[in-house]
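Source file: target.csv (CSV, C-alpha atoms)
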```
chain,number,residue,atom,x,y,z
K,1,MET,CA,84.2,80.0,96.9
K,2,GLU,CA,82.2,81.1,99.9
K,3,GLU,CA,85.4,81.2,102.0
K,4,LEU,CA,87.1,83.3,99.4
K,5,TYR,CA,84.2,85.8,99.4
K,6,LYS,CA,84.4,85.9,103.2
K,7,ILE,CA,88.1,86.8,103.0
K,8,LEU,CA,87.5,89.4,100.4
K,9,LYS,CA,84.7,91.0,102.4
K,10,GLU,CA,86.8,91.1,105.5
K,11,LEU,CA,89.7,92.7,103.6
K,12,ARG,CA,87.5,95.2,101.8
K,13,PRO,CA,84.1,95.6,103.5
K,14,ASP,CA,83.5,98.7,101.3
K,15,VAL,CA,83.5,96.6,98.1
K,16,ASN,CA,80.6,94.6,96.7
K,17,PHE,CA,82.4,91.7,95.1
K,18,ASP,CA,79.2,90.3,93.6
K,19,GLU,CA,79.0,93.3,91.4
K,20,LYS,CA,82.6,94.3,90.6
K,21,LYS,CA,84.3,92.4,87.8
K,22,ALA,CA,87.5,94.2,87.1
K,23,LEU,CA,89.1,94.5,90.5
K,24,ILE,CA,92.6,95.5,89.4
K,25,ASP,CA,91.7,97.2,86.1
K,26,ASP,CA,89.3,99.5,87.8
K,27,GLY,CA,91.7,100.1,90.7
K,28,ILE,CA,89.4,98.5,93.3
K,29,LEU,CA,92.2,96.2,94.6
K,30,ASP,CA,95.8,97.3,94.4
K,31,SER,CA,99.1,95.7,95.4
K,32,PHE,CA,98.6,96.4,99.1
K,33,ASP,CA,95.3,94.5,99.0
K,34,ILE,CA,96.9,91.6,97.0
K,35,VAL,CA,99.7,91.1,99.5
K,36,ALA,CA,97.2,91.0,102.4
K,37,LEU,CA,95.0,88.6,100.4
K,38,VAL,CA,97.9,86.3,99.5
K,39,GLY,CA,98.6,85.7,103.2
K,40,GLU,CA,95.0,84.9,103.9
K,41,ILE,CA,94.6,82.6,100.9
K,42,GLY,CA,97.8,80.7,101.8
K,43,GLU,CA,96.5,80.0,105.3
K,44,THR,CA,92.9,79.3,104.5
K,45,PHE,CA,93.4,77.1,101.4
K,46,ASP,CA,96.9,75.7,102.4
K,47,VAL,CA,98.4,76.9,99.1
K,48,GLN,CA,101.6,78.7,98.3
K,49,VAL,CA,101.2,81.8,96.0
K,50,GLY,CA,104.5,82.2,94.2
K,51,VAL,CA,106.0,85.4,92.9
K,52,GLU,CA,105.1,84.3,89.3
K,53,ASP,CA,101.5,84.4,90.4
K,54,LEU,CA,101.7,87.9,91.7
K,55,ILE,CA,100.4,89.4,88.5
K,56,PRO,CA,97.3,91.6,88.1
K,57,GLU,CA,95.5,89.1,85.9
K,58,ASN,CA,95.2,86.6,88.7
K,59,PHE,CA,93.4,89.0,90.9
K,60,ASN,CA,91.2,90.9,88.5
K,61,SER,CA,88.0,89.1,89.5
K,62,VAL,CA,86.7,86.8,92.2
K,63,GLU,CA,86.6,84.0,89.5
K,64,ALA,CA,90.2,84.7,88.6
K,65,ILE,CA,91.3,84.4,92.2
K,66,TRP,CA,89.3,81.2,92.6
K,67,THR,CA,90.9,79.8,89.5
K,68,LEU,CA,94.4,80.6,90.9
K,69,ILE,CA,93.6,78.9,94.2
K,70,ASN,CA,92.3,75.8,92.5
K,71,ARG,CA,95.3,75.6,90.2
K,72,LEU,CA,97.6,75.8,93.1
K,73,ARG,CA,95.7,73.2,95.0
K,74,ASP,CA,95.7,70.8,92.0
K,75,GLY,CA,99.4,71.4,91.4
K,76,GLU,CA,100.3,70.3,94.9
V,1,MET,CA,124.4,90.7,101.1
V,2,LYS,CA,123.7,88.3,98.3
V,3,LYS,CA,122.5,89.3,94.9
V,4,VAL,CA,119.2,88.0,93.5
V,5,GLU,CA,120.0,86.7,90.0
V,6,GLU,CA,116.7,85.4,88.8
V,7,ILE,CA,113.0,85.5,89.8
V,8,GLY,CA,113.0,81.8,90.9
V,9,GLU,CA,115.1,82.7,93.9
V,10,ILE,CA,112.4,85.0,95.2
V,11,ASN,CA,110.0,82.1,95.6
V,12,SER,CA,112.6,80.0,97.5
V,13,LEU,CA,113.3,82.9,99.8
V,14,ILE,CA,109.8,84.1,100.4
V,15,SER,CA,107.9,80.8,100.6
V,16,SER,CA,108.5,80.2,104.4
V,17,TYR,CA,107.5,83.8,105.1
V,18,MET,CA,104.2,83.9,103.2
V,19,LYS,CA,102.2,83.1,106.2
V,20,LYS,CA,99.7,84.9,108.4
V,21,GLY,CA,101.4,86.5,111.3
V,22,VAL,CA,104.6,87.3,109.5
V,23,LEU,CA,105.3,91.1,109.7
V,24,THR,CA,106.0,92.6,106.3
V,25,ASN,CA,106.1,95.8,104.3
V,26,ASN,CA,106.7,94.0,101.1
V,27,PHE,CA,103.9,94.8,98.5
V,28,ILE,CA,105.9,94.5,95.3
V,29,MET,CA,104.5,92.4,92.5
V,30,GLN,CA,106.2,90.3,89.9
V,31,ASP,CA,106.8,93.2,87.5
V,32,LYS,CA,108.7,95.2,90.0
V,33,TYR,CA,110.8,92.2,91.0
V,34,MET,CA,111.6,91.7,87.3
V,35,GLU,CA,112.6,95.3,87.0
V,36,TYR,CA,115.0,95.1,90.0
V,37,ILE,CA,116.5,91.8,88.9
V,38,SER,CA,117.0,92.8,85.3
V,39,SER,CA,118.8,95.9,86.4
V,40,GLY,CA,121.0,93.9,88.8
V,41,SER,CA,119.8,96.0,91.8
V,42,LEU,CA,118.2,93.5,94.1
V,43,TYR,CA,120.0,91.9,97.1
V,44,TYR,CA,119.0,90.1,100.2
V,45,GLU,CA,119.9,88.8,103.7
V,46,ASN,CA,118.0,85.9,105.3
V,47,THR,CA,118.4,84.6,108.8
V,48,GLY,CA,115.5,82.2,108.7
V,49,LYS,CA,113.6,84.5,111.1
V,50,LEU,CA,114.1,87.7,109.1
V,51,LEU,CA,114.3,88.2,105.4
V,52,VAL,CA,115.3,91.6,104.0
V,53,PHE,CA,115.5,92.6,100.4
V,54,PHE,CA,117.7,95.5,99.5
V,55,ALA,CA,116.9,97.4,96.3
V,56,ASP,CA,119.6,99.7,95.1
V,57,HIS,CA,118.0,103.1,94.4
V,58,LYS,CA,121.4,104.9,93.9
V,59,ASN,CA,121.1,107.5,96.6
V,60,HIS,CA,119.7,104.9,99.1
V,61,TRP,CA,118.8,101.3,99.8
V,62,ARG,CA,115.1,100.6,99.7
V,63,ILE,CA,114.2,97.7,102.0
V,64,TYR,CA,111.4,95.2,101.9
V,65,TYR,CA,111.3,92.9,104.9
V,66,HIS,CA,109.5,89.8,106.2
V,67,ILE,CA,109.8,89.2,110.0
V,68,ARG,CA,108.9,85.9,111.4
V,69,GLU,CA,110.3,86.4,114.8
V,70,LEU,CA,111.3,89.7,116.4
V,71,ASP,CA,114.2,88.3,118.4
V,72,THR,CA,116.5,88.2,115.5
V,73,ASP,CA,119.0,90.5,113.9
V,74,ILE,CA,120.7,91.2,110.6
V,75,GLU,CA,123.7,93.0,109.2
V,76,LEU,CA,122.6,96.2,107.5
V,77,PRO,CA,124.7,98.1,104.9
V,78,LYS,CA,126.3,101.3,106.0
V,79,ASP,CA,127.4,102.8,102.7
V,80,LYS,CA,124.2,104.9,102.1
V,81,PRO,CA,120.9,105.6,103.8
V,82,LEU,CA,118.3,102.8,104.3
V,83,VAL,CA,114.7,103.7,103.6
V,84,PHE,CA,111.5,101.7,103.8
V,85,GLU,CA,107.8,102.4,103.6
V,86,LEU,CA,105.0,101.1,105.8
V,87,VAL,CA,101.7,101.2,104.0
V,88,TYR,CA,98.7,100.6,106.1
V,89,ARG,CA,95.0,101.2,106.4
V,90,ASN,CA,94.3,100.6,110.1
V,91,GLU,CA,95.7,102.6,113.0
V,92,ILE,CA,99.4,102.9,113.0
V,93,GLU,CA,99.5,101.3,116.5
V,94,VAL,CA,98.9,97.9,115.0
V,95,LEU,CA,102.3,98.3,113.4
V,96,ARG,CA,103.9,99.2,116.8
V,97,ASN,CA,106.0,96.1,117.0
V,98,GLN,CA,107.5,96.7,113.6
V,99,LEU,CA,108.1,100.4,114.4
V,100,ASP,CA,109.9,99.4,117.6
V,101,PHE,CA,111.9,96.7,115.9
V,102,TRP,CA,113.3,99.1,113.3
V,103,ALA,CA,113.6,102.0,115.8
V,104,GLN,CA,116.0,99.8,117.8
V,105,ARG,CA,118.1,99.6,114.6
V,106,GLY,CA,118.3,103.3,114.0
V,107,PHE,CA,115.3,104.0,111.8
V,108,GLU,CA,113.1,107.1,112.3
V,109,PRO,CA,109.8,108.0,110.6
V,110,TYR,CA,110.3,111.1,108.5
V,111,ILE,CA,107.4,111.3,106.0
V,112,HIS,CA,103.8,110.6,106.4
V,113,ARG,CA,101.4,110.5,103.5
V,114,LEU,CA,97.7,109.9,102.9
V,115,ARG,CA,96.1,108.5,99.8
V,116,MET,CA,93.2,110.3,98.1
V,117,ASN,CA,90.9,109.1,95.4
V,118,GLY,CA,88.7,111.1,93.0
V,119,TYR,CA,86.4,110.1,90.2
V,120,THR,CA,85.8,112.3,87.2
V,121,GLU,CA,82.1,112.3,87.6
V,122,ASN,CA,82.5,113.8,91.1
V,123,MET,CA,85.3,116.3,90.4
V,124,ASN,CA,84.5,119.9,91.1
V,125,TYR,CA,85.7,122.2,88.4
V,126,ILE,CA,87.4,124.7,90.8
V,127,GLN,CA,87.3,128.3,89.8
V,128,SER,CA,90.7,129.9,89.0
V,129,ASN,CA,91.5,133.5,88.2
V,130,SER,CA,94.9,132.5,87.0
V,131,THR,CA,96.0,133.9,83.6
V,132,VAL,CA,98.5,131.1,83.0
V,133,ARG,CA,98.3,129.0,79.9
V,134,VAL,CA,98.4,125.2,80.4
V,135,LYS,CA,100.0,123.1,77.7
V,136,TYR,CA,101.9,119.8,77.4
V,137,ALA,CA,105.5,120.3,78.4
V,138,ASP,CA,108.2,120.4,75.8
V,139,SER,CA,111.2,118.1,75.9
V,140,ASN,CA,113.5,121.2,76.2
V,141,GLN,CA,111.8,121.9,79.6
V,142,ALA,CA,112.8,118.5,81.0
V,143,GLY,CA,115.9,119.7,82.8
V,144,GLU,CA,114.1,122.6,84.4
V,145,ILE,CA,111.2,120.5,85.4
V,146,GLN,CA,113.4,117.7,86.8
V,147,GLN,CA,115.2,120.2,89.0
V,148,LEU,CA,111.8,121.6,90.3
V,149,ILE,CA,110.5,118.1,91.2
V,150,SER,CA,113.9,117.2,92.8
V,151,ASP,CA,113.7,120.4,94.9
V,152,ALA,CA,110.1,119.9,96.0
V,153,PHE,CA,109.7,116.2,96.6
V,154,ASP,CA,111.3,113.7,98.9
V,155,ARG,CA,114.6,112.4,97.5
V,156,TYR,CA,114.0,108.9,98.7
V,157,LEU,CA,110.3,108.2,98.4
V,158,GLY,CA,109.2,111.1,96.2
V,159,CYS,CA,109.5,109.1,92.9
V,160,VAL,CA,111.8,111.9,91.6
V,161,PRO,CA,112.4,111.0,87.9
V,162,THR,CA,115.7,111.4,86.1
V,163,VAL,CA,115.9,113.9,83.2
V,164,ALA,CA,115.9,110.9,80.8
V,165,GLU,CA,112.8,109.5,82.5
V,166,LEU,CA,111.1,112.9,82.4
V,167,GLU,CA,111.8,113.2,78.7
V,168,GLU,CA,110.0,109.9,78.2
V,169,TYR,CA,107.0,111.1,80.2
V,170,ILE,CA,107.0,114.4,78.3
V,171,LYS,CA,106.9,112.4,75.0
V,172,LYS,CA,103.9,110.5,76.2
V,173,ASN,CA,102.1,113.8,77.1
V,174,GLU,CA,102.2,113.0,80.8
V,175,VAL,CA,103.6,116.4,81.9
V,176,LEU,CA,101.4,119.5,81.9
V,177,ALA,CA,103.1,122.9,82.2
V,178,ALA,CA,101.5,126.1,83.3
V,179,VAL,CA,103.3,129.1,81.7
V,180,ASP,CA,102.8,132.8,82.0
V,181,GLU,CA,102.5,135.3,79.2
V,182,ASN,CA,106.3,135.3,78.7
V,183,GLY,CA,106.4,131.5,78.5
V,184,ARG,CA,108.0,131.1,81.9
V,185,LEU,CA,107.1,128.0,83.8
V,186,GLN,CA,104.8,128.7,86.8
V,187,GLY,CA,103.7,125.1,87.7
V,188,ILE,CA,103.7,121.5,86.5
V,189,LEU,CA,101.5,118.5,86.8
V,190,HIS,CA,103.0,115.1,86.2
V,191,ILE,CA,100.4,112.4,85.6
V,192,GLY,CA,100.3,108.8,84.7
V,193,SER,CA,97.9,105.9,84.3
V,194,ARG,CA,97.8,102.2,84.8
V,195,ASN,CA,94.9,100.2,83.6
V,196,SER,CA,91.9,102.4,84.3
V,197,VAL,CA,93.4,104.3,87.1
V,198,ASN,CA,95.0,107.7,86.6
V,199,PHE,CA,97.7,109.0,89.0
V,200,ILE,CA,98.9,112.4,90.0
V,201,TRP,CA,102.6,111.8,90.5
V,202,HIS,CA,103.7,115.4,91.1
V,203,LEU,CA,101.9,118.7,91.3
V,204,LEU,CA,103.9,121.8,92.1
V,205,VAL,CA,103.7,125.6,91.7
V,206,LEU,CA,106.8,127.8,91.8
V,207,PRO,CA,106.9,129.9,95.0
V,208,GLU,CA,106.5,133.2,93.3
V,209,ALA,CA,103.4,131.9,91.5
V,210,ARG,CA,101.6,130.5,94.5
V,211,GLY,CA,98.2,131.8,95.6
V,212,LYS,CA,97.2,132.7,92.1
V,213,GLY,CA,95.2,129.6,91.1
V,214,VAL,CA,97.9,127.9,89.0
V,215,ALA,CA,97.4,124.5,90.6
V,216,LYS,CA,93.6,124.8,90.1
V,217,ARG,CA,94.2,125.5,86.4
V,218,LEU,CA,96.5,122.5,86.0
V,219,LEU,CA,94.0,120.2,87.7
V,220,THR,CA,91.1,121.5,85.7
V,221,HIS,CA,93.0,120.9,82.5
V,222,PHE,CA,93.8,117.4,83.6
V,223,PHE,CA,90.2,116.6,84.5
V,224,ASP,CA,89.1,117.8,81.1
V,225,SER,CA,91.6,115.7,79.3
V,226,ILE,CA,90.5,112.5,81.2
V,227,SER,CA,86.9,113.2,80.7
V,228,ASN,CA,87.4,113.7,77.0
V,229,SER,CA,89.4,110.6,76.4
V,230,LYS,CA,88.6,108.0,78.9
V,231,SER,CA,85.7,105.8,79.9
V,232,ILE,CA,83.0,107.2,82.2
V,233,ASN,CA,83.9,107.9,85.8
V,234,ALA,CA,87.7,107.4,85.6
V,235,LYS,CA,89.5,107.1,88.9
V,236,ILE,CA,92.3,109.4,89.9
V,237,GLN,CA,94.6,108.6,92.7
V,238,LEU,CA,97.3,110.5,94.5
V,239,TRP,CA,99.4,110.5,97.7
V,240,VAL,CA,99.8,113.8,99.7
V,241,LYS,CA,101.9,114.6,102.7
V,242,LYS,CA,99.7,114.6,105.8
V,243,ASP,CA,101.0,117.9,107.0
V,244,ASN,CA,100.6,119.7,103.7
V,245,MET,CA,97.3,121.3,104.5
V,246,SER,CA,97.2,123.6,101.5
V,247,ALA,CA,97.6,120.7,99.1
V,248,ARG,CA,95.0,118.6,101.0
V,249,GLY,CA,92.6,121.5,101.0
V,250,LEU,CA,93.1,121.9,97.2
V,251,TYR,CA,92.5,118.3,96.5
V,252,GLU,CA,89.4,118.2,98.8
V,253,SER,CA,87.9,121.2,97.1
V,254,ALA,CA,88.4,119.4,93.8
V,255,GLY,CA,86.5,116.4,95.1
V,256,PHE,CA,89.2,114.1,96.2
V,257,LYS,CA,88.7,112.0,99.4
V,258,TYR,CA,91.1,110.3,101.7
V,259,ASP,CA,90.5,106.6,101.3
V,260,GLY,CA,92.0,105.3,104.5
V,261,TRP,CA,95.4,104.2,103.2
V,262,GLU,CA,98.5,105.9,104.7
V,263,SER,CA,102.2,105.6,104.2
V,264,LEU,CA,104.9,106.1,106.7
V,265,GLY,CA,108.5,106.5,105.4
V,266,LEU,CA,111.4,105.6,107.7
V,267,VAL,CA,115.0,106.3,107.2
V,268,ARG,CA,118.3,105.3,108.7
V,269,GLU,CA,120.8,107.8,107.6
V,270,VAL,CA,124.5,107.0,107.3
```

Take the structure in the file and give it back as structure tokens.
Amino acid sequence: MEELYKILKELRPDVNFDEKKALIDDGILDSFDIVALVGEIGETFDVQVGVEDLIPENFNSVEAIWTLINRLRDGE
Amino acid sequence: MKKVEEIGEINSLISSYMKKGVLTNNFIMQDKYMEYISSGSLYYENTGKLLVFFADHKNHWRIYYHIRELDTDIELPKDKPLVFELVYRNEIEVLRNQLDFWAQRGFEPYIHRLRMNGYTENMNYIQSNSTVRVKYADSNQAGEIQQLISDAFDRYLGCVPTVAELEEYIKKNEVLAAVDENGRLQGILHIGSRNSVNFIWHLLVLPEARGKGVAKRLLTHFFDSISNSKSINAKIQLWVKKDNMSARGLYESAGFKYDGWESLGLVREV
């Protein structure tokens, strides 16, 4: 999870990801951020984020993103 | 061009391009893919080094691309204009190789926009001496409003709604109209929301009504409606043309701030 925090902080140094819990709902992350994030996640964790996973619910919190990554890792 | 028939095809096409270092302008999410596919308006070309999606927007093809290697080429349709957007937060120069790639294929930048954010807690209730009355638009104004938006906003990237779409927005109370004492339209504000974020899609004032505080009245009415109905400190977002200094000045005086995101629209005309 530390690596994910590092990616998020590099992507959006203006956001405190420890505090924010509704990243999409509150408009903190939007589709531009998600696309950038997906590329980094793919490389760092060696997973493939499919189009079916490009839904707001999977990116609404750090925990949700981590759950997505683990699900993709387990599925491979 | 081949047509995308179902969502599973997208994964097969994109999988080898979802890597760091691949140049892309594609920020669409699953819901937008589904919308395109269900309306039968999404096509693609794939060379293995370059993948381009073509979305049929009636008066143009909207393109979303993934470039793995720059020494590649692709057949582009010639029946109508091709348009794409580059959305970025850093200096545009980091996108120089993409701009050069598409310039060699006849694309030229033609519209540059900035994104601004505001929060209802920080909005300035700007003074206006205007005597217009602001109300929700009526459905019988849809045709007139559609024409005004169509005349004022970019025909490719300006999100210009059809009359039918506008009627739906009007039904949902998403279009505010400023009218004079004779009921004549002086300005409109088209708004929307997604999750907790509110959007200003279109704000315009008729030429003969400009300089009289109409836009300020519309914005103030909008801020009031959000403050009354939404959770504390709602976010409001908009895109404004970089060279539209009067609009930028208006939004800044209202409390909006540029958030670093910019959009460059490029077109290859027929």

Practice problem: When you get a sec, could you note down which chain V residues fall within 10 Å of chain K, using all atoms listed in the file, as a VMD selection string? | Solution: chain V and resid 7 to 12 14 to 22 24 to 31 33 87 to 89 194 to 198 234 to 237 261

Quiz item: Could you name the residues that touch range 170-172 of chain V at 10 Å or less, counting all atoms listed in the file, but leaving out those on the same chain fewer than 5 positions away, as a list in words?
Solution: Tyr136, Ala137, Asp138, Ser139, Asn140, Gln141, Ala142, Ala164, Glu165, His190 and Gly192 of chain V

Self-check item: Atomic distance CA of Arg184 in chain V - CA of Arg133 in chain V, expressed in Å with one decimal
Solution: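 These two atoms are separated by 10.1 Å.
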
Quiz item: Do you know which residues lie at most 12 Å from (110.3, 115.5, 98.6), with coordinates as in the file and all atoms listed in the file counted, and could you write them as a list in words?
Solution: Tyr110, Ile111, His112, Arg113, Gln147, Leu148, Ile149, Ser150, Asp151, Ala152, Phe153, Asp154, Arg155, Tyr156, Leu157, Gly158, Cys159, Val160, Pro161, Trp201, His202, Leu203, Leu204, Val240, Lys241, Asn244 and Gly265 of chain V

Quiz item: Quick one: distance from CA of Glu3 in chain K to CA of Thr67 in chain K in Å, one decimal?
Solution: 13.7 Å

Quiz item: Could you state the separation of CA of Met245 in chain V and CA of Phe199 in chain V in Å, given to one decimal place?
Solution: 19.8 Å

Quiz prompt | Residues within 7 Å of Ala254 in chain V, all atoms listed in the file, excluding chain neighbours under 4 positions, as a list in words | solution = Met123, Asn124, Tyr125, Ile126 and Leu250 of chain V

Output C-alpha atoms of each residue in that selection to a file, as a PDB file, keeping the file's coordinate frame.
```pdb
ATOM      1  CA  MET V 123      85.300 116.300  90.400  1.00  0.00           C
ATOM      2  CA  ASN V 124      84.500 119.900  91.100  1.00  0.00           C
ATOM      3  CA  TYR V 125      85.700 122.200  88.400  1.00  0.00           C
ATOM      4  CA  ILE V 126      87.400 124.700  90.800  1.00  0.00           C
ATOM      5  CA  LEU V 250      93.100 121.900  97.200  1.00  0.00           C
TER       6      LEU V 250
END
```
